[in-house]
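Enquirer: Contents of coords24.tsv (TSV, C-alpha atoms) are given next:
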```
chain	number	residue	atom	x	y	z
L	128	MET	CA	53.09	-3.35	-25.61
L	129	ASN	CA	52.44	-2.65	-29.26
L	130	THR	CA	49.96	-5.47	-29.50
L	131	THR	CA	48.07	-4.00	-26.56
L	132	VAL	CA	47.71	-0.68	-28.34
L	133	VAL	CA	46.69	-2.27	-31.61
L	134	LYS	CA	44.13	-4.53	-29.97
L	135	THR	CA	42.62	-1.70	-27.95
L	136	ALA	CA	42.41	0.56	-30.98
L	137	HIS	CA	40.72	-2.29	-32.80
L	138	MET	CA	38.27	-2.79	-29.93
L	139	THR	CA	37.16	0.82	-29.71
L	140	GLY	CA	37.27	1.23	-33.47
L	141	ASN	CA	35.08	-0.11	-36.24
L	142	TYR	CA	34.65	-3.66	-35.09
L	143	SER	CA	33.66	-2.81	-31.60
L	144	HIS	CA	30.66	-0.71	-32.46
L	145	ASP	CA	29.37	-3.18	-35.03
L	146	GLY	CA	30.07	-6.35	-33.10
L	147	GLY	CA	31.27	-5.97	-29.54
L	148	SER	CA	29.38	-2.96	-28.27
L	149	SER	CA	25.95	-3.72	-29.73
L	150	LYS	CA	26.42	-7.33	-28.61
L	151	VAL	CA	27.00	-6.16	-25.04
L	152	PHE	CA	24.02	-3.77	-25.20
L	153	GLY	CA	21.81	-6.55	-26.55
L	154	PHE	CA	22.94	-8.77	-23.71
L	155	TRP	CA	22.15	-6.01	-21.24
L	156	ILE	CA	18.56	-5.96	-22.59
L	157	TYR	CA	18.42	-9.74	-21.99
L	158	ILE	CA	19.58	-9.17	-18.40
L	159	LEU	CA	16.84	-6.59	-17.84
L	160	GLN	CA	14.17	-9.01	-19.05
L	161	ASP	CA	15.71	-11.64	-16.77
L	162	LEU	CA	15.20	-9.07	-14.00
L	163	PHE	CA	11.45	-9.12	-14.80
L	164	LEU	CA	11.45	-12.89	-14.35
L	165	PHE	CA	13.01	-12.50	-10.91
L	166	ALA	CA	10.64	-9.62	-10.05
L	167	THR	CA	7.62	-11.88	-10.63
L	168	LEU	CA	9.22	-14.63	-8.52
L	169	PHE	CA	9.97	-12.16	-5.69
L	170	ALA	CA	6.37	-10.88	-5.84
L	171	ASN	CA	5.17	-14.49	-5.77
L	172	PHE	CA	7.35	-15.24	-2.74
L	173	ALA	CA	6.19	-12.09	-0.92
L	174	VAL	CA	2.53	-13.04	-1.42
L	175	PHE	CA	3.06	-16.58	-0.10
L	176	SER	CA	5.62	-15.60	2.55
L	177	SER	CA	3.55	-17.11	5.34
L	178	ALA	CA	1.38	-19.57	3.43
L	179	TYR	CA	2.65	-22.67	5.27
L	180	ASP	CA	-0.68	-24.53	5.24
L	181	THR	CA	-0.12	-27.73	7.26
L	182	GLY	CA	3.63	-27.86	6.52
L	183	SER	CA	6.50	-26.47	8.53
L	184	ALA	CA	7.31	-22.77	8.76
L	185	GLY	CA	10.26	-21.32	6.88
L	186	LYS	CA	11.75	-19.90	10.06
L	187	ASP	CA	12.38	-23.37	11.50
L	188	PHE	CA	14.81	-24.17	8.69
L	189	ILE	CA	16.68	-20.91	8.17
L	190	ASP	CA	20.36	-21.35	8.99
L	191	LEU	CA	21.82	-17.84	8.78
L	192	PRO	CA	25.55	-18.73	9.22
L	193	PHE	CA	25.15	-21.16	6.29
L	194	VAL	CA	23.55	-18.43	4.15
L	195	LEU	CA	26.28	-15.96	5.18
L	196	VAL	CA	28.94	-18.34	3.82
L	197	GLU	CA	26.96	-18.73	0.56
L	198	THR	CA	26.70	-14.93	0.32
L	199	PHE	CA	30.43	-14.46	0.77
L	200	LEU	CA	31.22	-17.14	-1.82
L	201	LEU	CA	29.16	-15.20	-4.38
L	202	LEU	CA	30.55	-11.84	-3.30
L	203	PHE	CA	34.15	-13.09	-3.59
L	204	SER	CA	33.37	-14.65	-6.97
L	205	SER	CA	32.00	-11.27	-8.11
L	206	ILE	CA	35.24	-9.44	-7.31
L	207	THR	CA	37.48	-12.22	-8.68
L	208	TYR	CA	35.55	-11.94	-11.96
L	209	GLY	CA	36.19	-8.19	-11.78
L	210	PHE	CA	39.92	-8.96	-11.51
L	211	ALA	CA	39.59	-11.20	-14.60
L	212	MET	CA	38.08	-8.23	-16.47
L	213	ILE	CA	40.98	-6.00	-15.39
L	214	GLN	CA	43.39	-8.63	-16.76
L	215	MET	CA	41.35	-8.72	-19.98
L	216	HIS	CA	41.75	-4.96	-20.43
L	217	ARG	CA	45.49	-5.47	-19.89
L	218	SER	CA	45.39	-8.25	-22.54
L	219	ASN	CA	46.87	-10.69	-20.03
L	220	LEU	CA	45.46	-14.08	-21.02
L	221	THR	CA	47.11	-15.95	-18.13
L	222	GLY	CA	45.61	-13.51	-15.64
L	223	VAL	CA	42.13	-13.86	-17.17
L	224	ARG	CA	42.37	-17.65	-16.95
L	225	LEU	CA	43.61	-17.59	-13.36
L	226	TRP	CA	40.92	-15.24	-12.02
L	227	MET	CA	38.15	-16.92	-14.02
L	228	ALA	CA	39.23	-20.31	-12.65
L	229	ILE	CA	39.00	-18.93	-9.10
L	230	THR	CA	35.57	-17.44	-9.92
L	231	PHE	CA	34.45	-20.83	-11.27
L	232	LEU	CA	35.54	-22.63	-8.09
L	233	LEU	CA	33.75	-20.11	-5.85
L	234	GLY	CA	30.57	-20.35	-7.95
L	235	PHE	CA	30.79	-24.13	-7.89
L	236	ALA	CA	31.14	-24.13	-4.10
L	237	PHE	CA	28.02	-21.92	-3.90
L	238	ILE	CA	26.01	-24.35	-6.05
L	239	ALA	CA	27.28	-27.31	-4.03
L	240	MET	CA	26.08	-25.64	-0.81
L	241	GLU	CA	22.70	-24.86	-2.37
L	242	VAL	CA	22.19	-28.43	-3.60
L	243	TYR	CA	23.10	-29.68	-0.10
L	244	GLU	CA	20.61	-27.21	1.43
L	245	PHE	CA	17.80	-28.32	-0.91
L	246	ALA	CA	18.47	-32.02	-0.28
L	247	HIS	CA	18.46	-31.34	3.47
L	248	LEU	CA	15.17	-29.39	3.29
L	249	ILE	CA	13.39	-32.04	1.22
L	250	HIS	CA	14.68	-34.76	3.56
L	251	GLU	CA	13.33	-32.81	6.55
L	252	GLY	CA	9.89	-32.54	4.98
L	253	ALA	CA	10.11	-29.00	3.58
L	254	ALA	CA	9.68	-29.92	-0.07
L	255	PRO	CA	8.26	-27.87	-2.97
L	256	TRP	CA	4.99	-29.83	-2.77
L	257	THR	CA	4.52	-29.20	0.98
L	258	SER	CA	2.91	-25.75	0.82
L	259	ALA	CA	2.65	-22.57	-1.22
L	260	TYR	CA	5.48	-21.09	0.86
L	261	TRP	CA	7.91	-23.90	0.01
L	262	SER	CA	6.85	-23.88	-3.66
L	263	ALA	CA	7.61	-20.16	-3.83
L	264	PHE	CA	10.88	-20.66	-1.92
L	265	PHE	CA	12.18	-23.41	-4.20
L	266	VAL	CA	11.11	-21.67	-7.41
L	267	LEU	CA	12.83	-18.40	-6.43
L	268	VAL	CA	16.04	-19.82	-4.95
L	269	ALA	CA	16.41	-22.59	-7.54
L	270	THR	CA	15.85	-20.19	-10.47
L	271	HIS	CA	18.78	-18.16	-9.15
L	272	GLY	CA	20.78	-21.37	-8.67
L	273	ILE	CA	20.05	-22.50	-12.24
L	274	HIS	CA	21.28	-19.13	-13.51
L	275	VAL	CA	24.52	-19.54	-11.51
L	276	THR	CA	24.91	-23.04	-12.99
L	277	GLY	CA	24.41	-21.50	-16.44
L	278	GLY	CA	27.16	-18.99	-15.63
L	279	LEU	CA	29.48	-21.85	-14.66
L	280	ILE	CA	28.79	-23.67	-17.95
L	281	TRP	CA	29.43	-20.40	-19.80
L	282	MET	CA	32.79	-20.04	-18.00
L	283	ALA	CA	33.73	-23.60	-18.98
L	284	CYS	CA	32.93	-22.68	-22.60
L	285	MET	CA	34.98	-19.47	-22.28
L	286	PHE	CA	38.08	-21.53	-21.35
L	287	ILE	CA	37.68	-23.37	-24.69
L	288	HIS	CA	37.14	-20.10	-26.60
L	289	LEU	CA	40.23	-18.60	-24.93
L	290	ALA	CA	42.30	-21.70	-25.75
L	291	LEU	CA	41.26	-21.45	-29.41
L	292	ASP	CA	41.42	-17.70	-30.09
L	293	GLY	CA	43.01	-15.96	-27.11
L	294	LEU	CA	41.81	-12.46	-26.25
L	295	ASP	CA	40.43	-11.38	-29.63
L	296	ALA	CA	37.53	-8.94	-30.07
L	297	HIS	CA	34.92	-11.72	-30.05
L	298	ASN	CA	36.19	-13.21	-26.81
L	299	ASN	CA	36.49	-9.79	-25.17
L	300	ALA	CA	32.81	-9.11	-25.98
L	301	ARG	CA	31.88	-12.54	-24.59
L	302	LEU	CA	33.86	-11.93	-21.41
L	303	THR	CA	32.17	-8.54	-21.00
L	304	CYS	CA	28.69	-10.11	-21.39
L	305	LEU	CA	29.59	-12.84	-18.90
L	306	SER	CA	30.79	-10.17	-16.46
L	307	LEU	CA	27.38	-8.41	-16.67
L	308	PHE	CA	25.64	-11.77	-16.15
L	309	TRP	CA	27.79	-12.79	-13.18
L	310	HIS	CA	27.53	-9.44	-11.36
L	311	PHE	CA	23.77	-9.41	-12.07
L	312	LEU	CA	23.42	-12.79	-10.32
L	313	ASP	CA	25.20	-11.44	-7.26
L	314	ILE	CA	22.81	-8.45	-7.23
L	315	ILE	CA	19.80	-10.82	-7.41
L	316	TRP	CA	21.31	-12.81	-4.52
L	317	ILE	CA	21.25	-9.64	-2.36
L	318	GLY	CA	17.48	-9.64	-2.86
L	319	VAL	CA	17.25	-13.39	-2.14
L	320	PHE	CA	19.22	-13.39	1.10
L	321	THR	CA	17.39	-10.29	2.35
L	322	VAL	CA	13.82	-11.23	1.41
L	323	VAL	CA	13.95	-15.01	1.86
L	324	TYR	CA	16.45	-15.55	4.65
L	325	LEU	CA	16.85	-12.35	6.73
L	326	LEU	CA	13.20	-11.25	6.62
L	327	GLY	CA	12.17	-14.90	7.02
L	328	ALA	CA	14.26	-15.22	10.20
L	329	LEU	CA	12.74	-12.13	11.87
E	58	MET	CA	50.81	1.92	-22.18
E	59	SER	CA	48.82	-0.72	-20.45
E	60	VAL	CA	47.97	1.78	-17.72
E	61	GLU	CA	46.55	4.12	-20.34
E	62	THR	CA	44.37	1.51	-22.01
E	63	HIS	CA	43.27	0.38	-18.62
E	64	LYS	CA	42.29	3.92	-17.64
E	65	ALA	CA	40.50	4.45	-20.93
E	66	HIS	CA	38.16	1.63	-19.97
E	67	GLY	CA	37.83	3.03	-16.48
E	68	THR	CA	37.66	-0.38	-14.84
E	69	GLY	CA	40.30	0.19	-12.23
E	70	MET	CA	41.18	-2.12	-9.41
E	71	GLY	CA	40.20	0.66	-6.97
E	72	GLN	CA	36.59	0.71	-8.15
E	73	TYR	CA	36.17	-3.05	-7.72
E	74	LEU	CA	37.81	-2.98	-4.29
E	75	ALA	CA	35.66	-0.04	-3.13
E	76	GLY	CA	32.51	-1.84	-4.28
E	77	PHE	CA	33.66	-5.06	-2.63
E	78	ILE	CA	34.46	-3.44	0.73
E	79	LEU	CA	31.16	-1.53	0.79
E	80	SER	CA	29.28	-4.75	-0.09
E	81	VAL	CA	31.04	-6.66	2.71
E	82	ILE	CA	30.16	-3.94	5.24
E	83	LEU	CA	26.50	-3.83	4.15
E	84	THR	CA	26.18	-7.64	4.12
E	85	VAL	CA	27.77	-8.06	7.56
E	86	LEU	CA	25.62	-5.23	8.95
E	87	ALA	CA	22.41	-6.87	7.70
E	88	PHE	CA	23.33	-10.36	8.99
E	89	CYS	CA	24.57	-9.04	12.36
E	90	ALA	CA	21.38	-7.03	12.86
E	91	VAL	CA	19.37	-10.25	12.61
E	92	MET	CA	21.79	-12.81	14.08
E	93	LEU	CA	22.90	-10.72	17.08
E	94	HIS	CA	19.35	-9.43	17.75
E	95	TRP	CA	20.27	-5.75	17.38
E	96	MET	CA	16.72	-4.89	16.34
E	97	ASP	CA	14.82	-6.58	19.17
E	98	GLY	CA	13.27	-3.33	20.43
E	99	TRP	CA	12.11	-2.27	16.97
E	100	SER	CA	8.68	-2.65	15.43
E	101	ILE	CA	8.38	-5.26	12.70
E	102	SER	CA	7.90	-2.65	9.97
E	103	ALA	CA	11.03	-0.78	11.11
E	104	ARG	CA	13.05	-4.02	10.87
E	105	VAL	CA	11.69	-4.81	7.40
E	106	LEU	CA	12.41	-1.27	6.17
E	107	PHE	CA	15.94	-1.37	7.64
E	108	LEU	CA	16.82	-4.69	5.96
E	109	LEU	CA	15.20	-3.77	2.63
E	110	GLY	CA	16.99	-0.39	2.76
E	111	LEU	CA	20.38	-2.07	3.28
E	112	SER	CA	19.72	-4.47	0.39
E	113	ILE	CA	18.74	-1.64	-1.98
E	114	ILE	CA	21.85	0.35	-1.00
E	115	GLN	CA	24.02	-2.72	-1.68
E	116	MET	CA	22.33	-3.28	-5.06
E	117	VAL	CA	23.07	0.33	-6.03
E	118	VAL	CA	26.69	-0.06	-4.83
E	119	GLN	CA	27.18	-3.17	-6.99
E	120	ILE	CA	25.48	-1.60	-10.02
E	121	VAL	CA	27.73	1.46	-9.77
E	122	PHE	CA	31.04	-0.23	-8.89
E	123	PHE	CA	30.75	-3.61	-10.69
E	124	LEU	CA	28.55	-3.16	-13.76
E	125	HIS	CA	30.21	0.00	-15.20
E	126	LEU	CA	27.11	0.94	-17.17
E	127	SER	CA	28.17	4.54	-17.73
E	128	GLU	CA	31.07	3.51	-19.99
E	129	GLY	CA	31.30	2.89	-23.69
E	130	PRO	CA	29.28	4.20	-26.63
E	131	ASP	CA	25.97	2.82	-25.34
E	132	ALA	CA	26.17	4.38	-21.89
E	133	LYS	CA	22.98	6.46	-22.25
E	134	TRP	CA	21.04	3.47	-23.58
E	135	ASN	CA	22.34	1.19	-20.84
E	136	ILE	CA	21.18	3.53	-18.10
E	137	GLY	CA	17.94	4.61	-19.78
E	138	SER	CA	16.82	1.01	-20.33
E	139	MET	CA	17.79	0.18	-16.75
E	140	TRP	CA	15.48	2.89	-15.37
E	141	VAL	CA	12.57	1.61	-17.46
E	142	ALA	CA	13.24	-1.89	-16.10
E	143	VAL	CA	13.47	-0.63	-12.50
E	144	LEU	CA	10.12	1.14	-12.90
E	145	CYS	CA	8.50	-2.04	-14.27
E	146	VAL	CA	10.00	-4.14	-11.47
E	147	LEU	CA	8.59	-1.76	-8.84
E	148	ILE	CA	5.15	-1.93	-10.48
E	149	ILE	CA	5.29	-5.75	-10.61
E	150	ILE	CA	6.37	-6.23	-6.98
E	151	ALA	CA	4.47	-3.39	-5.27
E	152	GLY	CA	1.37	-3.93	-7.43
E	153	THR	CA	1.25	-7.67	-6.72
E	154	TRP	CA	1.83	-7.14	-3.01
E	155	LEU	CA	-0.87	-4.45	-2.66
E	156	THR	CA	-3.40	-6.37	-4.73
E	157	MET	CA	-2.89	-9.60	-2.79
E	158	GLN	CA	-3.02	-7.79	0.57
E	159	HIS	CA	-6.42	-6.33	-0.34
E	160	LEU	CA	-7.56	-9.70	-1.66
E	161	ASN	CA	-6.47	-11.46	1.54
E	162	TYR	CA	-8.21	-8.81	3.63
E	163	ASN	CA	-11.45	-9.09	1.70
E	164	MET	CA	-11.29	-12.89	1.63
E	165	MET	CA	-10.92	-12.96	5.43
E	166	GLY	CA	-8.03	-15.39	5.71
E	167	GLY	CA	-6.56	-15.52	2.35
E	168	SER	CA	-4.39	-17.82	0.23
E	169	GLY	CA	-3.48	-20.29	2.94
E	170	ARG	CA	-1.71	-17.77	5.15
E	171	VAL	CA	-1.33	-18.97	8.72
E	172	SER	CA	0.23	-17.20	11.66
E	173	ARG	CA	3.07	-18.90	13.55
E	174	ASP	CA	0.83	-19.87	16.50
E	175	ASP	CA	-1.70	-21.47	14.19
E	176	ALA	CA	1.02	-23.39	12.39
E	177	ALA	CA	2.32	-24.79	15.67
E	178	SER	CA	-1.09	-25.94	16.84
E	179	ARG	CA	-2.23	-27.30	13.50
E	180	PRO	CA	-1.50	-31.03	14.05
E	181	ALA	CA	-3.62	-31.06	17.22
E	182	ALA	CA	-6.49	-29.33	15.50
E	183	SER	CA	-6.46	-31.59	12.48
E	184	GLN	CA	-8.98	-34.11	13.89
E	185	SER	CA	-11.76	-31.58	13.55
E	186	ALA	CA	-10.36	-30.33	10.30
E	187	THR	CA	-13.47	-30.80	8.20
E	188	SER	CA	-15.62	-28.53	10.33
E	189	THR	CA	-13.25	-25.58	10.60
E	190	GLU	CA	-11.46	-25.50	7.26
E	191	VAL	CA	-12.67	-24.64	3.82
E	192	THR	CA	-10.59	-25.94	0.95
E	193	THR	CA	-10.40	-23.61	-2.01
E	194	GLY	CA	-8.35	-23.45	-5.15
E	195	MET	CA	-5.80	-21.34	-3.29
E	196	GLY	CA	-5.21	-23.76	-0.45
E	197	VAL	CA	-6.73	-24.24	2.97
E	198	ILE	CA	-8.33	-21.19	4.51
E	199	ILE	CA	-8.98	-21.05	8.22
E	200	SER	CA	-12.22	-19.34	9.11
E	201	HIS	CA	-11.81	-16.34	11.40
E	202	GLU	CA	-15.03	-17.12	13.23
E	203	GLU	CA	-13.74	-20.18	15.07
```
With the file now loaded, output its structure as structure tokens.
Expert:
Amino acid sequence: MNTTVVKTAHMTGNYSHDGGSSKVFGFWIYILQDLFLFATLFANFAVFSSAYDTGSAGKDFIDLPFVLVETFLLLFSSITYGFAMIQMHRSNLTGVRLWMAITFLLGFAFIAMEVYEFAHLIHEGAAPWTSAYWSAFFVLVATHGIHVTGGLIWMACMFIHLALDGLDAHNNARLTCLSLFWHFLDIIWIGVFTVVYLLGAL
Amino acid sequence: MSVETHKAHGTGMGQYLAGFILSVILTVLAFCAVMLHWMDGWSISARVLFLLGLSIIQMVVQIVFFLHLSEGPDAKWNIGSMWVAVLCVLIIIAGTWLTMQHLNYNMMGGSGRVSRDDAASRPAASQSATSTEVTTGMGVIISHEE
């Protein structure tokens, strides 16, 4: 119990404002510029949303139950990461590891489904080089997928950091940044499944 | 003690669960509306507005319940910078969309856009492709006069 108090006092005290807090704010600025990247890709997709040229239409390939499963994988991974953050605030290292491992598995399952979907589309003749629509589709969805992969690599690195230093101020700041990143990716996915899949299936 | 520290950070289990349940409801509502054909009697713009509205509500829910921006010493900066970014994002998306709509209208065809019927009948029409299509830097444009 005492260690909890000491660590928390340390976090909100001197170190936090010099290291942890400004680090998290700086990372938040990075996330907002990442949002600009996605905004341009969404605008690009909207402009080419029916530019099929001689290729196949997006509607013929949209499998909504498949996308619903992907969506729930990401949504569950978002809340399991939230549980990891709660364990971090309770200074419970085992809990952080457990919930982050579950988050990693859910994120990995999402990426596996996306890779399968892309392979299937390219095999069926809906490849990035088929038309402007499919170029825009692959750039938008794959950019999100690459970010999720980046988040998974970051989580793998966090397990090493946690093994070396436990829940010190540095690792708490890193976990907080990763939480912003992971929740941000779920928010972007809301835009992807609505604009690409639901509006595409209308 | 741990309850106190936990409250000081304000990241309670309840907040995450509330955000999660609201997100599940909004996601299921959006998918059901499309998959179970709830919107069949609606105009296309009403459907688009409904789905975009649900997605924006869910984004706000996740920002409020998952991101916890209003905590910590940088709360004002977090939220202020977010609003600037949201404004820029709206300008990028709405500006691009409006500009390209006007361009497509004035170009009479525009950037390779084809309607669903055209796309279906394209293979059959491809023998006489050279006479009806004009290839530009933006892709193949079908003339409206045919």
Enquirer: Should the cut-off be 7 Å, what would the residue list for chain L against chain E look like, counting all atoms listed in the file, as a ChimeraX atom specification?
Expert: /L:128,131,135,152,159,163,166-167,170,173-174,177-181,206,209,213,216-217,307,310,314,317-318,321,325-326,329
Enquirer: For Asp313 (chain L), find every residue with an atom within 8 Å (counting only C-alpha atoms), except residues of its own chain fewer than 6 positions away, and show them as a list in words.
Expert: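 After dropping sequence-adjacent residues, the list is Leu201, Leu202 and Ser205 of chain L.
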Enquirer: Which of these, L:Ser176, L:Ser183, L:Asn171, L:Ser148, has the shortest distance to Ala253 (chain L) once you count only C-alpha atoms?
Expert: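 Smallest distance to Ala253 (chain L) is found for L:Ser183.
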Enquirer: Skip region 275-291 of chain L itself and residues of its chain fewer than 5 positions away, then list as a compact mmCIF listing (two decimals) with C-alpha atoms, in the coordinates of the input all residues within 10 Å of it, counting only C-alpha atoms.
Expert:
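Just written: part-v1.txt:
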```
# COMPACT_ATOMS: atom_id res chain seq x y z
CA LEU L 201 29.16 -15.20 -4.38
CA LEU L 220 45.46 -14.08 -21.02
CA VAL L 223 42.13 -13.86 -17.17
CA ARG L 224 42.37 -17.65 -16.95
CA MET L 227 38.15 -16.92 -14.02
CA ALA L 228 39.23 -20.31 -12.65
CA THR L 230 35.57 -17.44 -9.92
CA PHE L 231 34.45 -20.83 -11.27
CA LEU L 232 35.54 -22.63 -8.09
CA LEU L 233 33.75 -20.11 -5.85
CA GLY L 234 30.57 -20.35 -7.95
CA PHE L 235 30.79 -24.13 -7.89
CA PHE L 237 28.02 -21.92 -3.90
CA ILE L 238 26.01 -24.35 -6.05
CA ALA L 269 16.41 -22.59 -7.54
CA THR L 270 15.85 -20.19 -10.47
CA HIS L 297 34.92 -11.72 -30.05
CA ASN L 298 36.19 -13.21 -26.81
CA ASN L 299 36.49 -9.79 -25.17
CA ARG L 301 31.88 -12.54 -24.59
CA LEU L 302 33.86 -11.93 -21.41
CA LEU L 305 29.59 -12.84 -18.90
CA SER L 306 30.79 -10.17 -16.46
CA PHE L 308 25.64 -11.77 -16.15
CA TRP L 309 27.79 -12.79 -13.18
CA LEU L 312 23.42 -12.79 -10.32
CA ASP L 313 25.20 -11.44 -7.26
```
Enquirer: Please indicate the distance in Å from CA of Met240 (chain L) to CA of Phe193 (chain L), rounded to one decimal place.
Expert: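 Answer for the CA of Met240 (chain L) to CA of Phe193 (chain L) separation: 8.4 Å.
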